[in-house]
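Since the structure comes first, as structure tokens, the remarks are kept for the end.
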Amino acid sequence: MELDDFKAHWNTIQQKEFKQQKHTPETLNHIIMNATNTLGQLHEKNVYWGKLGKAICTMLIVLLLMILPGHYFFPDKNTTFGQAVVYVAIMIIYALITIWVYKRQQNIFVIYNRENLKETLTKTLVEFKRFYVLMNVIYLFLYPAYFYAFLKLFINAYWAIPTNTILIICGALTIVSLIGNHIYYKIKYFKKIKSLEDDLAELNEE
């Protein structure tokens, strides 16, 4: 659903809320318009990144599948074909889960109840907070596995790195990735989420 679709439902939402709230029409109009625009912007942003992320992950999967025959016919001294299959499988799982994460996030910012903005905001905020926690838990385990497989498959083929060193590198990259992910969400999402929370708080005022 694009931004124009959200705006198309605005008048219906507005009429329903007018009947249920004690706010002045001007105040309520401002709250509804702000919340609707914010939801629309967030959804539109996620549609874009969802398509881009899916395209990148799909290309990664294709590339990984193309690499396997090379390892079979021209194995390197540090990685057997069986090990290469395991590493490729880990990275494909990473790509598939990432596609799911993009899709899951995209679906959060869709109007759940087009006739009740308060219910919509409540569900959206709850779903986003659950998603954010779940996403970080997933990548807390997925990042190390992905980085380990990547280093073993692509770097270890040319430069034999001790396992302990690889684990330290994976841990460091995981920390940097999680921090970077948090900073991104803080800049791009948290301010808008706070705006939706403020709109919901105003709607809940008697």
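In the structure tokens, chains take the letters A, B, ... in the order shown, each chain's residues start at 1, and ligands count up from 1 in the order shown.
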
_Using only C-alpha atoms, which protein or nucleic acid residues come within 9 Å of segment 118-131 of chain A? Drop anything in the same chain fewer than 6 positions from it, and give the result as an MDAnalysis selection string._
chainID A and resid 17 35 39 101 104:105 108:112 193 196:197 199:200 203:204

Next, dump the selected residues to file, keeping only C-alpha atoms, as an mmCIF file, in the first residue's frame.
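Generated file (out38.cif):
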data_model
loop_
_atom_site.group_PDB
_atom_site.id
_atom_site.type_symbol
_atom_site.label_atom_id
_atom_site.label_comp_id
_atom_site.auth_asym_id
_atom_site.auth_seq_id
_atom_site.Cartn_x
_atom_site.Cartn_y
_atom_site.Cartn_z
ATOM 1 C CA GLU A 17 -12.722 9.626 15.041
ATOM 2 C CA ALA A 35 -0.350 10.003 12.084
ATOM 3 C CA LEU A 39 2.475 5.753 8.684
ATOM 4 C CA VAL A 101 12.912 -9.423 7.857
ATOM 5 C CA ARG A 104 7.962 -8.399 7.982
ATOM 6 C CA GLN A 105 8.979 -4.815 8.626
ATOM 7 C CA ILE A 108 3.999 -3.442 10.053
ATOM 8 C CA PHE A 109 3.183 -0.011 8.666
ATOM 9 C CA VAL A 110 -0.061 -0.964 6.962
ATOM 10 C CA ILE A 111 -3.335 0.359 8.341
ATOM 11 C CA TYR A 112 -4.885 -2.506 10.318
ATOM 12 C CA ILE A 193 7.769 6.151 16.175
ATOM 13 C CA LEU A 196 3.086 8.092 16.514
ATOM 14 C CA GLU A 197 3.265 7.499 20.279
ATOM 15 C CA ASP A 199 -0.436 11.028 18.465
ATOM 16 C CA LEU A 200 -1.812 7.967 20.243
ATOM 17 C CA LEU A 203 -6.125 10.386 21.019
ATOM 18 C CA ASN A 204 -6.347 8.617 24.377
#

Go through segment 127-167 of chain A residue by residue and, counting only C-alpha atoms, keep those with an atom at most 12 Å from segment 68-74 of chain A; for each kept residue give the shortest atom pair and its distance in Å to one decimal, ordered by chain and increasing number, as a tab-separated table.
residue	atom	partner	partner_atom	distance
A:Leu153	CA	A:His71	CA	9.6
A:Phe154	CA	A:His71	CA	11.0
A:Ala157	CA	A:His71	CA	10.1

Those residues with all heavy atoms, as a PDB file, in the first residue's frame please?
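What landed in result.pdb:
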ATOM      1  N   LEU A 153      34.903 -19.162   3.556  1.00  0.00           N
ATOM      2  CA  LEU A 153      34.718 -19.479   2.138  1.00  0.00           C
ATOM      3  C   LEU A 153      35.580 -18.608   1.225  1.00  0.00           C
ATOM      4  O   LEU A 153      36.167 -19.108   0.255  1.00  0.00           O
ATOM      5  CB  LEU A 153      33.245 -19.321   1.751  1.00  0.00           C
ATOM      6  CG  LEU A 153      32.870 -19.736   0.329  1.00  0.00           C
ATOM      7  CD1 LEU A 153      33.111 -21.226   0.132  1.00  0.00           C
ATOM      8  CD2 LEU A 153      31.417 -19.378   0.043  1.00  0.00           C
ATOM      9  N   PHE A 154      35.666 -17.320   1.524  1.00  0.00           N
ATOM     10  CA  PHE A 154      36.328 -16.399   0.600  1.00  0.00           C
ATOM     11  C   PHE A 154      37.747 -15.987   1.029  1.00  0.00           C
ATOM     12  O   PHE A 154      38.612 -15.813   0.185  1.00  0.00           O
ATOM     13  CB  PHE A 154      35.472 -15.139   0.421  1.00  0.00           C
ATOM     14  CG  PHE A 154      34.166 -15.400  -0.266  1.00  0.00           C
ATOM     15  CD1 PHE A 154      32.980 -15.408   0.459  1.00  0.00           C
ATOM     16  CD2 PHE A 154      34.115 -15.658  -1.625  1.00  0.00           C
ATOM     17  CE1 PHE A 154      31.770 -15.643  -0.176  1.00  0.00           C
ATOM     18  CE2 PHE A 154      32.913 -15.897  -2.263  1.00  0.00           C
ATOM     19  CZ  PHE A 154      31.734 -15.896  -1.539  1.00  0.00           C
ATOM     20  N   ALA A 157      40.406 -19.253   1.737  1.00  0.00           N
ATOM     21  CA  ALA A 157      40.873 -19.927   0.524  1.00  0.00           C
ATOM     22  C   ALA A 157      42.239 -19.404   0.088  1.00  0.00           C
ATOM     23  O   ALA A 157      43.021 -20.116  -0.551  1.00  0.00           O
ATOM     24  CB  ALA A 157      39.862 -19.720  -0.596  1.00  0.00           C
TER      25      ALA A 157
END

_Which residue of A:Leu96, A:Leu178, A:Ile169, A:Ile32 approaches Val133 of chain A most closely, using only C-alpha atoms_ = A:Leu178

Excluding Ser177 of chain A and its own-chain neighbours fewer than 5 positions away, which residues fall within 12 Å of it when counting only C-alpha atoms? Please give them as a PDB file with C-alpha atoms, in the first residue's frame.
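Generated file (out.pdb):
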ATOM      1  CA  ASN A 136      18.169  -7.943  17.003  1.00  0.00           C
ATOM      2  CA  TYR A 139      20.967 -11.120  13.999  1.00  0.00           C
ATOM      3  CA  LEU A 140      22.787 -11.589  17.282  1.00  0.00           C
ATOM      4  CA  PHE A 141      23.134 -15.225  16.209  1.00  0.00           C
ATOM      5  CA  LEU A 142      22.899 -14.831  12.442  1.00  0.00           C
ATOM      6  CA  TYR A 143      25.668 -12.259  12.010  1.00  0.00           C
ATOM      7  CA  PRO A 144      28.431 -14.400  13.597  1.00  0.00           C
ATOM      8  CA  TYR A 146      27.346 -15.373   8.318  1.00  0.00           C
ATOM      9  CA  PHE A 147      30.684 -13.677   8.950  1.00  0.00           C
ATOM     10  CA  CYS A 170      33.276 -12.430  13.733  1.00  0.00           C
ATOM     11  CA  GLY A 171      32.503 -11.175  17.230  1.00  0.00           C
ATOM     12  CA  ALA A 172      33.874  -7.717  16.436  1.00  0.00           C
ATOM     13  CA  HIS A 182      20.732   0.544  16.086  1.00  0.00           C
ATOM     14  CA  ILE A 183      22.100   3.918  14.966  1.00  0.00           C
ATOM     15  CA  TYR A 184      20.303   3.563  11.632  1.00  0.00           C
TER      16      TYR A 184
END

*asked:* Could you list, as a list of chain:residue names, every residue within 6 Å of segment 50-59 of chain A, counting only C-alpha atoms and ignoring same-chain residues fewer than 4 positions away?
replied: A:Asn46, A:Ala95, A:Ile99, A:Tyr102

*Give the alpha helix (DSSP H) residues of segment 18-195 of chain A, as assigned by DSSP on the backbone, as a PyMOL selection string.*
chain A and resi 18-20+25-73+81-108+117-150+163-185+191-195

_Measuring between only C-alpha atoms, which one of A:Asn34, A:Asn29, A:Thr79, A:Gln41 shows the shortest distance to Tyr158 of chain A?_
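Distance minimum relative to Tyr158 of chain A lands on A:Thr79.
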
*Could you tell me how far atom CA of Gln83 of chain A lies from atom CA of Leu60 of chain A, in Å and to one decimal?*
18.4 Å

*Separation of atom CA of Tyr48 of chain A and atom CA of Met91 of chain A, in Å?*
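Value for the atom CA of Tyr48 of chain A-atom CA of Met91 of chain A distance: 23.2 Å.
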
*To one decimal in Å, tell me the separation between atom CA of Gly180 of chain A and atom CA of Ala149 of chain A.*
20.9 Å

*Go through A:Ile61, A:Ile175, A:Gln106, A:Met66 one by one, measure the shortest atom-to-atom distance of each to Trp49 of chain A using only C-alpha atoms, and give the residue with the smallest value.*
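The shortest atom-to-atom distance to Trp49 of chain A comes from A:Gln106.
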